[in-house]
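Structure file entry06.cif; described as mmCIF, C-alpha atoms and all ligand atoms.
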data_upload
#
loop_
_atom_site.label_atom_id
_atom_site.label_comp_id
_atom_site.auth_asym_id
_atom_site.auth_seq_id
_atom_site.Cartn_x
_atom_site.Cartn_y
_atom_site.Cartn_z
CA MET A 1 54.27 92.29 39.08
CA ASN A 2 57.16 91.17 41.20
CA TRP A 3 56.32 87.52 41.71
CA LYS A 4 58.98 86.84 44.32
CA GLY A 5 57.38 85.28 47.38
CA GLN A 6 53.88 85.42 45.87
CA SER A 7 51.41 82.55 45.76
CA LEU A 8 49.38 81.79 42.66
CA VAL A 9 45.84 80.85 43.62
CA SER A 10 43.78 82.37 40.81
CA VAL A 11 44.37 83.71 37.31
CA GLN A 12 42.70 86.86 38.66
CA GLU A 13 45.95 87.71 40.43
CA LEU A 14 47.78 88.07 37.11
CA SER A 15 47.71 90.98 34.69
CA ARG A 16 48.03 90.49 30.98
CA SER A 17 51.63 91.71 31.14
CA ASP A 18 52.43 89.25 33.96
CA ILE A 19 51.10 86.45 31.78
CA GLU A 20 53.02 87.58 28.71
CA ALA A 21 56.25 87.94 30.71
CA LEU A 22 55.82 84.47 32.13
CA LEU A 23 55.14 82.93 28.73
CA ASP A 24 58.20 84.73 27.31
CA THR A 25 60.33 83.19 30.07
CA ALA A 26 58.85 79.76 29.36
CA ALA A 27 59.74 80.16 25.67
CA LEU A 28 63.34 81.10 26.52
CA MET A 29 63.58 78.08 28.80
CA GLN A 30 62.21 75.79 26.11
CA GLU A 31 64.70 77.15 23.56
CA ASP A 32 67.74 76.55 25.72
CA PRO A 33 67.09 74.31 28.75
CA PRO A 34 70.80 73.87 29.72
CA ALA A 35 71.10 77.61 30.28
CA TYR A 36 68.75 77.26 33.27
CA ALA A 37 69.96 73.91 34.61
CA SER A 38 71.20 75.26 37.94
CA LEU A 39 68.92 78.28 38.34
CA LEU A 40 67.16 76.88 41.43
CA SER A 41 69.92 74.57 42.67
CA ARG A 42 69.36 75.55 46.32
CA SER A 43 65.58 75.38 46.30
CA ILE A 44 63.10 72.71 47.35
CA LEU A 45 59.65 72.16 45.86
CA ALA A 46 57.01 70.25 47.85
CA THR A 47 54.26 68.66 45.78
CA LEU A 48 51.27 68.01 48.00
CA PHE A 49 48.54 66.24 46.04
CA PHE A 50 45.27 65.28 47.73
CA GLU A 51 43.78 64.26 44.34
CA PRO A 52 45.08 62.07 41.50
CA SER A 53 47.36 63.63 38.91
CA THR A 54 49.69 62.57 36.14
CA ARG A 55 50.65 65.78 34.35
CA THR A 56 50.53 68.51 36.93
CA ARG A 57 52.55 66.80 39.62
CA LEU A 58 55.09 65.19 37.33
CA SER A 59 55.57 68.29 35.22
CA PHE A 60 56.06 70.44 38.33
CA GLU A 61 58.63 67.93 39.53
CA SER A 62 60.26 67.73 36.11
CA ALA A 63 60.33 71.55 35.99
CA MET A 64 62.09 71.74 39.37
CA ALA A 65 64.55 69.01 38.38
CA ARG A 66 65.34 70.82 35.12
CA LEU A 67 66.15 73.94 37.11
CA GLY A 68 68.54 71.99 39.33
CA GLY A 69 66.26 72.09 42.37
CA HIS A 70 65.06 69.41 44.76
CA ILE A 71 61.66 67.83 45.30
CA ILE A 72 59.81 66.39 48.26
CA SER A 73 56.52 64.80 47.33
CA ALA A 74 53.27 63.61 48.88
CA PRO A 75 51.58 62.26 45.74
CA ASN A 76 48.66 60.68 47.55
CA ALA A 77 48.34 62.96 50.51
CA SER A 78 44.69 62.07 51.07
CA GLU A 79 45.74 58.52 52.04
CA MET A 80 49.33 58.76 53.17
CA SER A 81 49.76 62.11 54.91
CA SER A 82 48.72 62.82 58.49
CA ALA A 83 45.51 64.32 57.09
CA VAL A 84 44.29 60.74 57.59
CA LYS A 85 44.85 61.19 61.32
CA GLY A 86 42.76 64.35 61.23
CA GLU A 87 45.44 67.00 60.70
CA THR A 88 43.97 70.10 59.11
CA LEU A 89 45.16 71.47 55.79
CA ALA A 90 46.33 74.61 57.57
CA ASP A 91 48.53 72.64 59.98
CA THR A 92 49.87 70.52 57.11
CA ILE A 93 50.84 73.65 55.20
CA ARG A 94 52.42 75.25 58.29
CA MET A 95 54.65 72.16 58.51
CA VAL A 96 55.52 71.83 54.85
CA SER A 97 56.35 75.51 54.50
CA GLY A 98 59.19 74.84 56.92
CA TYR A 99 60.49 72.00 54.74
CA ALA A 100 60.30 73.53 51.27
CA ASP A 101 60.69 76.90 49.51
CA VAL A 102 57.56 76.52 47.38
CA ILE A 103 54.51 74.26 47.53
CA ALA A 104 52.40 72.96 44.62
CA LEU A 105 49.04 71.96 46.12
CA ARG A 106 46.18 69.98 44.61
CA HIS A 107 43.09 69.54 46.73
CA PRO A 108 39.46 68.45 46.16
CA ARG A 109 38.01 71.53 47.86
CA ALA A 110 37.54 74.83 46.03
CA GLY A 111 39.20 77.49 48.11
CA ALA A 112 41.80 75.12 49.62
CA SER A 113 44.70 76.86 47.89
CA ALA A 114 43.59 80.27 49.11
CA GLU A 115 43.39 78.87 52.63
CA ALA A 116 46.85 77.32 52.25
CA ALA A 117 48.35 80.55 50.90
CA GLU A 118 47.02 82.41 53.96
CA VAL A 119 48.99 80.31 56.41
CA SER A 120 52.03 79.40 54.32
CA THR A 121 55.34 81.19 54.78
CA VAL A 122 56.39 80.16 51.25
CA PRO A 123 54.57 80.57 47.90
CA VAL A 124 51.69 78.17 47.24
CA LEU A 125 50.95 77.31 43.61
CA ASN A 126 47.39 76.15 43.08
CA ALA A 127 47.67 72.88 41.15
CA GLY A 128 43.86 72.51 41.04
CA ASP A 129 41.38 73.13 43.87
CA GLY A 130 38.16 71.18 43.43
CA THR A 131 35.81 72.92 41.02
CA GLY A 132 37.66 76.18 41.59
CA GLU A 133 40.68 76.91 39.43
CA HIS A 134 43.81 75.49 37.86
CA PRO A 135 45.84 78.59 37.02
CA THR A 136 49.07 76.97 35.82
CA GLN A 137 46.96 74.88 33.42
CA ALA A 138 45.48 78.07 31.97
CA LEU A 139 49.00 79.44 31.55
CA LEU A 140 50.10 76.36 29.66
CA ASP A 141 46.92 76.50 27.59
CA ALA A 142 47.78 80.11 26.73
CA TYR A 143 51.34 79.05 25.91
CA ALA A 144 50.07 76.46 23.41
CA ILE A 145 47.67 78.98 21.87
CA ARG A 146 50.33 81.68 21.59
CA ARG A 147 52.79 79.28 19.98
CA GLN A 148 50.27 78.59 17.24
CA HIS A 149 48.60 81.96 16.78
CA GLY A 150 51.28 84.40 17.98
CA SER A 151 48.84 86.30 20.18
CA LEU A 152 45.62 85.65 22.04
CA ASP A 153 44.05 88.96 21.04
CA GLY A 154 41.10 88.71 18.69
CA LEU A 155 40.82 84.92 18.86
CA THR A 156 37.69 82.79 18.98
CA VAL A 157 37.88 79.77 21.27
CA ALA A 158 35.21 77.05 21.21
CA ALA A 159 34.95 75.16 24.50
CA LEU A 160 33.20 71.80 24.63
CA GLY A 161 32.43 69.80 27.73
CA ASP A 162 31.78 69.99 31.42
CA LEU A 163 32.18 73.72 31.90
CA ALA A 164 30.49 73.66 35.31
CA TYR A 165 32.72 71.31 37.28
CA GLY A 166 35.87 71.48 35.12
CA ARG A 167 38.26 73.93 36.75
CA THR A 168 40.55 74.36 33.74
CA ILE A 169 37.93 76.24 31.72
CA HIS A 170 37.24 78.45 34.75
CA SER A 171 40.85 79.58 34.82
CA LEU A 172 41.13 79.74 31.04
CA SER A 173 38.04 81.93 30.63
CA LEU A 174 39.41 84.36 33.25
CA LEU A 175 42.71 84.40 31.39
CA LEU A 176 41.10 84.97 27.97
CA ALA A 177 39.16 87.90 29.45
CA LYS A 178 42.46 89.72 29.92
CA TYR A 179 43.01 89.89 26.15
CA GLN A 180 41.36 92.16 23.61
CA GLY A 181 38.46 91.08 21.40
CA VAL A 182 38.34 87.42 22.47
CA THR A 183 35.20 85.34 21.94
CA LEU A 184 34.50 82.18 23.93
CA ARG A 185 31.86 79.96 22.37
CA THR A 186 30.56 77.35 24.78
CA VAL A 187 28.91 73.99 24.17
CA ALA A 188 27.90 72.06 27.27
CA PRO A 189 25.30 69.46 28.22
CA ARG A 190 22.40 70.83 30.23
CA GLY A 191 23.45 71.43 33.81
CA LEU A 192 27.13 71.58 32.88
CA GLU A 193 27.24 75.14 31.54
CA LEU A 194 29.74 77.70 32.79
CA PRO A 195 28.71 78.78 36.33
CA LYS A 196 26.51 81.90 36.17
CA ASP A 197 28.67 84.03 38.46
CA LEU A 198 31.80 83.19 36.47
CA ALA A 199 30.00 83.91 33.17
CA ALA A 200 28.90 87.30 34.52
CA GLU A 201 32.40 88.08 35.73
CA VAL A 202 34.21 87.23 32.48
CA ARG A 203 31.60 89.22 30.51
CA ARG A 204 32.18 92.16 32.83
CA LEU A 205 35.91 91.83 32.14
CA GLY A 206 35.29 92.06 28.40
CA LEU A 207 35.13 88.46 27.16
CA ARG A 208 32.47 87.89 24.50
CA LEU A 209 30.65 84.77 25.67
CA GLU A 210 28.51 83.00 23.08
CA PRO A 211 26.70 79.81 24.11
CA ALA A 212 26.20 77.62 20.99
CA ASP A 213 23.63 74.91 20.35
CA THR A 214 25.90 72.53 18.51
CA LEU A 215 29.60 71.87 18.27
CA VAL A 216 29.51 72.46 14.52
CA ASP A 217 28.06 75.94 15.13
CA ALA A 218 30.66 76.63 17.79
CA VAL A 219 33.75 75.66 15.82
CA ALA A 220 32.94 77.56 12.63
CA ASP A 221 35.51 80.40 12.39
CA SER A 222 37.16 79.29 15.63
CA ASP A 223 40.89 79.42 16.19
CA VAL A 224 40.94 76.92 19.05
CA LEU A 225 38.75 73.97 19.97
CA TYR A 226 39.20 73.32 23.71
CA VAL A 227 37.69 70.01 24.83
CA THR A 228 37.18 68.96 28.45
CA ARG A 229 36.25 65.75 30.23
CA LEU A 230 33.07 65.12 32.19
CA GLN A 231 34.22 65.57 35.82
CA LYS A 232 32.61 62.35 36.99
CA GLU A 233 34.19 62.57 40.41
CA ARG A 234 32.50 65.90 41.11
CA LEU A 235 29.04 65.55 39.55
CA PRO A 236 26.03 65.88 41.84
CA ALA A 237 23.84 62.74 41.90
CA HIS A 238 21.02 64.24 39.80
CA LEU A 239 23.22 64.75 36.71
CA PRO A 240 23.79 62.04 34.07
CA ARG A 241 27.06 60.14 34.18
CA ALA A 242 26.68 58.23 30.94
CA PRO A 243 29.88 57.96 28.91
CA GLY A 244 29.61 59.30 25.40
CA LEU A 245 27.41 62.18 26.58
CA TYR A 246 29.31 64.41 24.20
CA ALA A 247 32.29 63.91 21.91
CA VAL A 248 34.22 65.49 19.11
CA ASP A 249 32.93 64.05 15.86
CA ARG A 250 33.82 64.11 12.18
CA ALA A 251 31.31 66.86 11.38
CA ALA A 252 32.90 69.15 13.95
CA LEU A 253 36.38 68.56 12.59
CA ASP A 254 35.11 69.24 9.07
CA ALA A 255 33.70 72.57 10.27
CA LEU A 256 36.82 73.54 12.25
CA PRO A 257 39.07 75.86 10.21
CA ARG A 258 42.37 74.49 8.96
CA HIS A 259 44.44 76.99 10.93
CA ALA A 260 42.75 76.07 14.23
CA ILE A 261 44.22 73.86 16.95
CA ILE A 262 42.57 71.25 19.15
CA LEU A 263 43.50 71.40 22.84
CA HIS A 264 42.49 69.35 25.87
CA PRO A 265 43.87 69.66 29.41
CA LEU A 266 43.82 65.82 29.63
CA PRO A 267 43.16 63.17 30.73
CA ARG A 268 40.73 62.46 27.90
CA VAL A 269 38.09 59.81 28.13
CA ASP A 270 35.16 59.44 25.69
CA GLU A 271 34.91 63.05 24.55
CA LEU A 272 38.07 63.01 22.42
CA PRO A 273 38.27 59.80 20.35
CA ILE A 274 41.79 58.58 19.61
CA TRP A 275 41.26 58.89 15.85
CA VAL A 276 41.43 62.67 16.36
CA ASP A 277 45.15 62.24 17.19
CA ALA A 278 45.89 61.82 13.49
CA ASP A 279 44.46 65.25 12.69
CA PRO A 280 47.28 67.77 12.12
CA ARG A 281 45.39 70.27 14.29
CA ALA A 282 45.59 68.03 17.37
CA ARG A 283 48.04 69.71 19.80
CA TYR A 284 47.13 68.32 23.22
CA ILE A 285 50.29 66.29 23.71
CA GLU A 286 52.50 69.24 22.79
CA GLN A 287 50.26 71.42 25.00
CA ALA A 288 50.91 69.18 28.03
CA HIS A 289 54.65 69.00 27.31
CA GLY A 290 54.80 72.80 27.20
CA GLY A 291 53.57 72.70 30.79
CA VAL A 292 57.06 71.81 31.98
CA TYR A 293 58.48 75.10 30.65
CA VAL A 294 55.54 77.11 31.91
CA ARG A 295 55.96 75.61 35.38
CA MET A 296 59.73 76.22 35.22
CA ALA A 297 58.91 79.87 34.57
CA CYS A 298 56.41 79.94 37.47
CA LEU A 299 58.89 78.38 39.91
CA ALA A 300 61.67 80.76 38.85
CA ALA A 301 59.31 83.73 39.22
CA VAL A 302 57.94 82.98 42.69
CA LEU A 303 61.41 82.05 43.96
CA GLY A 304 62.81 85.32 42.61
CA ALA A 305 65.50 83.72 40.45
CA SER A 306 67.38 86.22 38.32
CA LEU A 307 67.35 85.05 34.73
N1 LIG A 401 43.59 67.41 34.69
C1 LIG A 401 42.68 68.52 34.71
C2 LIG A 401 42.33 68.87 36.13
O1 LIG A 401 42.85 68.29 37.05
C3 LIG A 401 41.49 68.27 33.85
C4 LIG A 401 40.71 67.04 34.21
O2 LIG A 401 41.07 66.29 35.13
O3 LIG A 401 39.71 66.81 33.51
O4 LIG A 401 41.53 69.75 36.32
N1 LIG A 402 45.84 68.57 33.12
C1 LIG A 402 45.99 68.05 34.37
O1 LIG A 402 45.87 68.75 35.39
O2 LIG A 402 46.32 66.74 34.37
P1 LIG A 402 46.50 65.84 35.70
O3 LIG A 402 45.15 65.83 36.38
O4 LIG A 402 46.94 64.52 35.20
O5 LIG A 402 47.50 66.54 36.57
#
Rewritten as structure tokens:
Amino acid sequence: MNWKGQSLVSVQELSRSDIEALLDTAALMQEDPPAYASLLSRSILATLFFEPSTRTRLSFESAMARLGGHIISAPNASEMSSAVKGETLADTIRMVSGYADVIALRHPRAGASAEAAEVSTVPVLNAGDGTGEHPTQALLDAYAIRRQHGSLDGLTVAALGDLAYGRTIHSLSLLLAKYQGVTLRTVAPRGLELPKDLAAEVRRLGLRLEPADTLVDAVADSDVLYVTRLQKERLPAHLPRAPGLYAVDRAALDALPRHAIILHPLPRVDELPIWVDADPRARYIEQAHGGVYVRMACLAAVLGASL
């Protein structure tokens, strides 16, 4: 795929070879950051965030800065942009696409990035759209997995958490479905299972989906334990909000193979106790840091930089 000028709304837009090429670029950038320090020196990134963020916005901005580019930012666009005055997302994007060469957009509504990409004259990178997707997160998840295991083919990933309202697992399951012989074991509280249409789609694409009753069952023989937070801000009123609804425990870590890694898109709350940080398999900090290089690779690709 020639990424130049393209938006990234869903993992579905990427082929396996697109993903591998992007992760290869990210690895080169991580090996030798100074070699890319002026790659995008004439480009401007706009970060337009209508929802809170620590990692995604700052790592996009760090990525652009490391490539020598410039940043304009609306970090709390839901309160401080003219959306407050009633301006539509489409009009906001029409404006910002005249101010920047690429837009990273986070929005509480699923489908907002697709809508933005329709009207934008510059690439829109989906930085999380409601319960929809978070494609650059899935790419950085894949980057962390590939760094540990060399390849994603043939792996077993155990996913624990809110798989219904958490967008990162939506994008990750679509990404895993592009690889050969991958199994996704899922453990979720009742009502928070992977959405049925998504489950059907990833099965159709070749992912082996195995719901498990307990975390211990799920992690046995797994290569990755992927933990996600209860998406409290998105839960319908009839679902429980109690903290401590699910969490990684000692029994699960005992059952998790030694070669496996523990990932989490972060932020973590009750589901990943801090004592897990001392486990040599814990990789979530490294995972998040790798996001800078993955986003550098995404920016370079959509802006058509020659490496
Ligand atoms: N930070 C990720 C997201 O925005 C995961 C989370 O918030 O739980 O989707
Ligand atoms: N993983 C992630 O998207 O983190 P933030 O919500 O802090 O951006």
Return as a short mmCIF file (atom, residue, chain, number, x, y, z; two decimals) with C-alpha atoms, in the coordinates of the input every polymer residue, whether protein, DNA or RNA, with at least one atom no more than 12 Å from an atom of ligand LIG 402 (chain A); count all atoms listed in the file.
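Written output follows (selection28.cif):
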data_model
loop_
_atom_site.label_atom_id
_atom_site.label_comp_id
_atom_site.auth_asym_id
_atom_site.auth_seq_id
_atom_site.Cartn_x
_atom_site.Cartn_y
_atom_site.Cartn_z
CA THR A 47 54.26 68.66 45.78
CA PHE A 49 48.54 66.24 46.04
CA PHE A 50 45.27 65.28 47.73
CA GLU A 51 43.78 64.26 44.34
CA PRO A 52 45.08 62.07 41.50
CA SER A 53 47.36 63.63 38.91
CA THR A 54 49.69 62.57 36.14
CA ARG A 55 50.65 65.78 34.35
CA THR A 56 50.53 68.51 36.93
CA ARG A 57 52.55 66.80 39.62
CA LEU A 58 55.09 65.19 37.33
CA SER A 59 55.57 68.29 35.22
CA PHE A 60 56.06 70.44 38.33
CA GLU A 61 58.63 67.93 39.53
CA PRO A 75 51.58 62.26 45.74
CA ALA A 104 52.40 72.96 44.62
CA LEU A 105 49.04 71.96 46.12
CA ARG A 106 46.18 69.98 44.61
CA HIS A 107 43.09 69.54 46.73
CA PRO A 108 39.46 68.45 46.16
CA ASN A 126 47.39 76.15 43.08
CA ALA A 127 47.67 72.88 41.15
CA GLY A 128 43.86 72.51 41.04
CA ASP A 129 41.38 73.13 43.87
CA GLY A 130 38.16 71.18 43.43
CA GLU A 133 40.68 76.91 39.43
CA HIS A 134 43.81 75.49 37.86
CA PRO A 135 45.84 78.59 37.02
CA THR A 136 49.07 76.97 35.82
CA GLN A 137 46.96 74.88 33.42
CA ALA A 138 45.48 78.07 31.97
CA LEU A 139 49.00 79.44 31.55
CA LEU A 140 50.10 76.36 29.66
CA ASP A 141 46.92 76.50 27.59
CA GLY A 166 35.87 71.48 35.12
CA ARG A 167 38.26 73.93 36.75
CA THR A 168 40.55 74.36 33.74
CA ILE A 169 37.93 76.24 31.72
CA SER A 171 40.85 79.58 34.82
CA VAL A 227 37.69 70.01 24.83
CA THR A 228 37.18 68.96 28.45
CA ARG A 229 36.25 65.75 30.23
CA GLN A 231 34.22 65.57 35.82
CA LEU A 263 43.50 71.40 22.84
CA HIS A 264 42.49 69.35 25.87
CA PRO A 265 43.87 69.66 29.41
CA LEU A 266 43.82 65.82 29.63
CA PRO A 267 43.16 63.17 30.73
CA ARG A 268 40.73 62.46 27.90
CA TYR A 284 47.13 68.32 23.22
CA ILE A 285 50.29 66.29 23.71
CA GLN A 287 50.26 71.42 25.00
CA ALA A 288 50.91 69.18 28.03
CA HIS A 289 54.65 69.00 27.31
CA GLY A 290 54.80 72.80 27.20
CA GLY A 291 53.57 72.70 30.79
CA VAL A 292 57.06 71.81 31.98
#
Arg66 (chain A) surroundings by all atoms listed in the file, 9 Å radius, close-in-sequence under 2 positions cut, as JSON, numbers by chain
{"A": [33, 34, 36, 37, 38, 39, 40, 61, 62, 63, 64, 68, 69, 292, 296]}
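Going from CA of Leu209 (chain A) over to CA of Gly154 (chain A), you cover 13.2 Å.
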So how far away is CA of Ser151 (chain A) from CA of Arg185 (chain A), in Å?
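CA of Ser151 (chain A) lies 18.3 Å from CA of Arg185 (chain A).
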Just the residues within 10 Å of Thr183 (chain A), please, counting all atoms listed in the file, with nothing from its chain fewer than 6 positions along; format it as a ChimeraX atom specification.
/A:153-158,173,176-177,206-210,222
Taking only C-alpha atoms and all ligand atoms into account, which of A:Leu272, A:Leu28, A:Leu225, A:Ala65 comes nearest ligand LIG 401 (chain A)?
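Among the listed residues, A:Leu272 lies closest to ligand LIG 401 (chain A).
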Counting all atoms listed in the file, the option among A:Leu125, A:Val269, A:Ala218, A:Ala212 closest to ligand LIG 401 (chain A):
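With all atoms listed in the file as the atom set, the closest residue is A:Val269.
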What is the distance between CA of Ala142 (chain A) and CA of Leu245 (chain A), in Å to one decimal?
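Rounded to one decimal, the two atoms are 27.1 Å apart.
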For Thr214 (chain A), please output as a list of chain:residue names all residues within 12 Å (counting only C-alpha atoms; exclusion window: fewer than 3 positions along the same chain).
A:Ala158, A:Ala159, A:Leu160, A:Gly161, A:Arg185, A:Thr186, A:Val187, A:Ala188, A:Pro189, A:Glu210, A:Pro211, A:Asp217, A:Ala218, A:Val219, A:Ala220, A:Tyr246, A:Ala247, A:Val248, A:Asp249, A:Ala251, A:Ala252, A:Ala255
For each of A:Ile72, A:Val202, A:Leu184, A:Ile145, take the minimum atom-to-atom distance to Val11 (chain A), counting all atoms listed in the file, then give the residue where this is smallest.
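Under the stated criterion, the closest residue is A:Val202.
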May I ask which of the residues A:Gln6, A:Thr92, A:Gln148, A:Thr131 is the closest one to Leu163 (chain A), counting all atoms listed in the file?
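Answer, going by the shortest atom-to-atom distance: A:Thr131.
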Best match for closeness to ligand LIG 401 (chain A) among A:Leu14, A:Ala164, A:Ala300, A:Leu175, counting only C-alpha atoms and all ligand atoms:
A:Ala164
Ranking A:Arg258, A:Arg250, A:Lys232, A:Arg42 by minimum distance to ligand LIG 401 (chain A) and counting all atoms listed in the file, which one comes first?
A:Lys232
Within 10 Å of Ala297 (chain A), counting only C-alpha atoms, which residues qualify if same-chain residues fewer than 2 places away don't, as a list in words?
Ala21, Leu22, Leu23, Asp24, Thr25, Ala26, Ala27, Leu28, Met29, Gln30, Ala63, Met64, Leu67, Gly291, Val292, Tyr293, Val294, Arg295, Leu299, Ala300, Ala301, Val302, Leu303, Ala305 and Leu307 of chain A
Please output region 28-55 of chain A, rebuilt to include N, CA and C atoms, as a PDB file, in the coordinates of the input.
ATOM      1  N   LEU A  28      61.869  81.069  26.434  1.00  0.00           N
ATOM      2  CA  LEU A  28      63.340  81.100  26.520  1.00  0.00           C
ATOM      3  C   LEU A  28      63.857  79.790  27.108  1.00  0.00           C
ATOM      4  N   MET A  29      63.156  79.315  28.133  1.00  0.00           N
ATOM      5  CA  MET A  29      63.580  78.080  28.800  1.00  0.00           C
ATOM      6  C   MET A  29      63.445  76.882  27.864  1.00  0.00           C
ATOM      7  N   GLN A  30      62.399  76.900  27.052  1.00  0.00           N
ATOM      8  CA  GLN A  30      62.210  75.790  26.110  1.00  0.00           C
ATOM      9  C   GLN A  30      63.279  75.820  25.005  1.00  0.00           C
ATOM     10  N   GLU A  31      63.684  77.036  24.626  1.00  0.00           N
ATOM     11  CA  GLU A  31      64.700  77.150  23.560  1.00  0.00           C
ATOM     12  C   GLU A  31      66.056  76.637  23.999  1.00  0.00           C
ATOM     13  N   ASP A  32      66.395  76.864  25.266  1.00  0.00           N
ATOM     14  CA  ASP A  32      67.740  76.550  25.720  1.00  0.00           C
ATOM     15  C   ASP A  32      67.736  76.032  27.164  1.00  0.00           C
ATOM     16  N   PRO A  33      67.198  74.818  27.380  1.00  0.00           N
ATOM     17  CA  PRO A  33      67.090  74.310  28.750  1.00  0.00           C
ATOM     18  C   PRO A  33      68.412  74.291  29.531  1.00  0.00           C
ATOM     19  N   PRO A  34      69.561  73.935  28.912  1.00  0.00           N
ATOM     20  CA  PRO A  34      70.800  73.870  29.720  1.00  0.00           C
ATOM     21  C   PRO A  34      71.165  75.204  30.354  1.00  0.00           C
ATOM     22  N   ALA A  35      70.743  76.290  29.735  1.00  0.00           N
ATOM     23  CA  ALA A  35      71.100  77.610  30.280  1.00  0.00           C
ATOM     24  C   ALA A  35      70.466  77.834  31.662  1.00  0.00           C
ATOM     25  N   TYR A  36      69.468  77.039  32.006  1.00  0.00           N
ATOM     26  CA  TYR A  36      68.750  77.260  33.270  1.00  0.00           C
ATOM     27  C   TYR A  36      68.923  76.081  34.235  1.00  0.00           C
ATOM     28  N   ALA A  37      69.873  75.197  33.907  1.00  0.00           N
ATOM     29  CA  ALA A  37      69.960  73.910  34.610  1.00  0.00           C
ATOM     30  C   ALA A  37      70.342  74.014  36.076  1.00  0.00           C
ATOM     31  N   SER A  38      70.902  75.150  36.497  1.00  0.00           N
ATOM     32  CA  SER A  38      71.200  75.260  37.940  1.00  0.00           C
ATOM     33  C   SER A  38      70.574  76.512  38.550  1.00  0.00           C
ATOM     34  N   LEU A  39      69.557  77.023  37.888  1.00  0.00           N
ATOM     35  CA  LEU A  39      68.920  78.280  38.340  1.00  0.00           C
ATOM     36  C   LEU A  39      68.364  78.170  39.757  1.00  0.00           C
ATOM     37  N   LEU A  40      67.793  77.026  40.100  1.00  0.00           N
ATOM     38  CA  LEU A  40      67.160  76.880  41.430  1.00  0.00           C
ATOM     39  C   LEU A  40      67.860  75.789  42.246  1.00  0.00           C
ATOM     40  N   SER A  41      69.191  75.714  42.091  1.00  0.00           N
ATOM     41  CA  SER A  41      69.920  74.570  42.670  1.00  0.00           C
ATOM     42  C   SER A  41      69.822  74.511  44.193  1.00  0.00           C
ATOM     43  N   ARG A  42      69.450  75.589  44.842  1.00  0.00           N
ATOM     44  CA  ARG A  42      69.360  75.550  46.320  1.00  0.00           C
ATOM     45  C   ARG A  42      67.920  75.462  46.809  1.00  0.00           C
ATOM     46  N   SER A  43      66.992  75.291  45.898  1.00  0.00           N
ATOM     47  CA  SER A  43      65.580  75.380  46.300  1.00  0.00           C
ATOM     48  C   SER A  43      64.895  74.021  46.349  1.00  0.00           C
ATOM     49  N   ILE A  44      63.866  73.951  47.180  1.00  0.00           N
ATOM     50  CA  ILE A  44      63.100  72.710  47.350  1.00  0.00           C
ATOM     51  C   ILE A  44      61.632  72.976  47.026  1.00  0.00           C
ATOM     52  N   LEU A  45      61.079  72.136  46.179  1.00  0.00           N
ATOM     53  CA  LEU A  45      59.650  72.160  45.860  1.00  0.00           C
ATOM     54  C   LEU A  45      58.958  71.018  46.614  1.00  0.00           C
ATOM     55  N   ALA A  46      57.854  71.316  47.279  1.00  0.00           N
ATOM     56  CA  ALA A  46      57.010  70.250  47.850  1.00  0.00           C
ATOM     57  C   ALA A  46      55.772  70.115  46.975  1.00  0.00           C
ATOM     58  N   THR A  47      55.506  68.905  46.498  1.00  0.00           N
ATOM     59  CA  THR A  47      54.260  68.660  45.780  1.00  0.00           C
ATOM     60  C   THR A  47      53.336  67.898  46.726  1.00  0.00           C
ATOM     61  N   LEU A  48      52.216  68.540  47.008  1.00  0.00           N
ATOM     62  CA  LEU A  48      51.270  68.010  48.000  1.00  0.00           C
ATOM     63  C   LEU A  48      49.961  67.790  47.256  1.00  0.00           C
ATOM     64  N   PHE A  49      49.685  66.530  46.911  1.00  0.00           N
ATOM     65  CA  PHE A  49      48.540  66.240  46.040  1.00  0.00           C
ATOM     66  C   PHE A  49      47.520  65.373  46.778  1.00  0.00           C
ATOM     67  N   PHE A  50      46.369  65.975  47.057  1.00  0.00           N
ATOM     68  CA  PHE A  50      45.270  65.280  47.730  1.00  0.00           C
ATOM     69  C   PHE A  50      44.267  64.698  46.721  1.00  0.00           C
ATOM     70  N   GLU A  51      44.611  64.819  45.432  1.00  0.00           N
ATOM     71  CA  GLU A  51      43.780  64.260  44.340  1.00  0.00           C
ATOM     72  C   GLU A  51      44.727  63.644  43.328  1.00  0.00           C
ATOM     73  N   PRO A  52      44.220  62.692  42.512  1.00  0.00           N
ATOM     74  CA  PRO A  52      45.080  62.070  41.500  1.00  0.00           C
ATOM     75  C   PRO A  52      45.618  63.081  40.480  1.00  0.00           C
ATOM     76  N   SER A  53      46.777  62.779  39.952  1.00  0.00           N
ATOM     77  CA  SER A  53      47.360  63.630  38.910  1.00  0.00           C
ATOM     78  C   SER A  53      48.450  62.857  38.189  1.00  0.00           C
ATOM     79  N   THR A  54      48.536  63.043  36.905  1.00  0.00           N
ATOM     80  CA  THR A  54      49.690  62.570  36.140  1.00  0.00           C
ATOM     81  C   THR A  54      50.528  63.778  35.719  1.00  0.00           C
ATOM     82  N   ARG A  55      49.917  64.670  34.953  1.00  0.00           N
ATOM     83  CA  ARG A  55      50.650  65.780  34.350  1.00  0.00           C
ATOM     84  C   ARG A  55      51.110  66.854  35.324  1.00  0.00           C
TER      85      ARG A  55
END
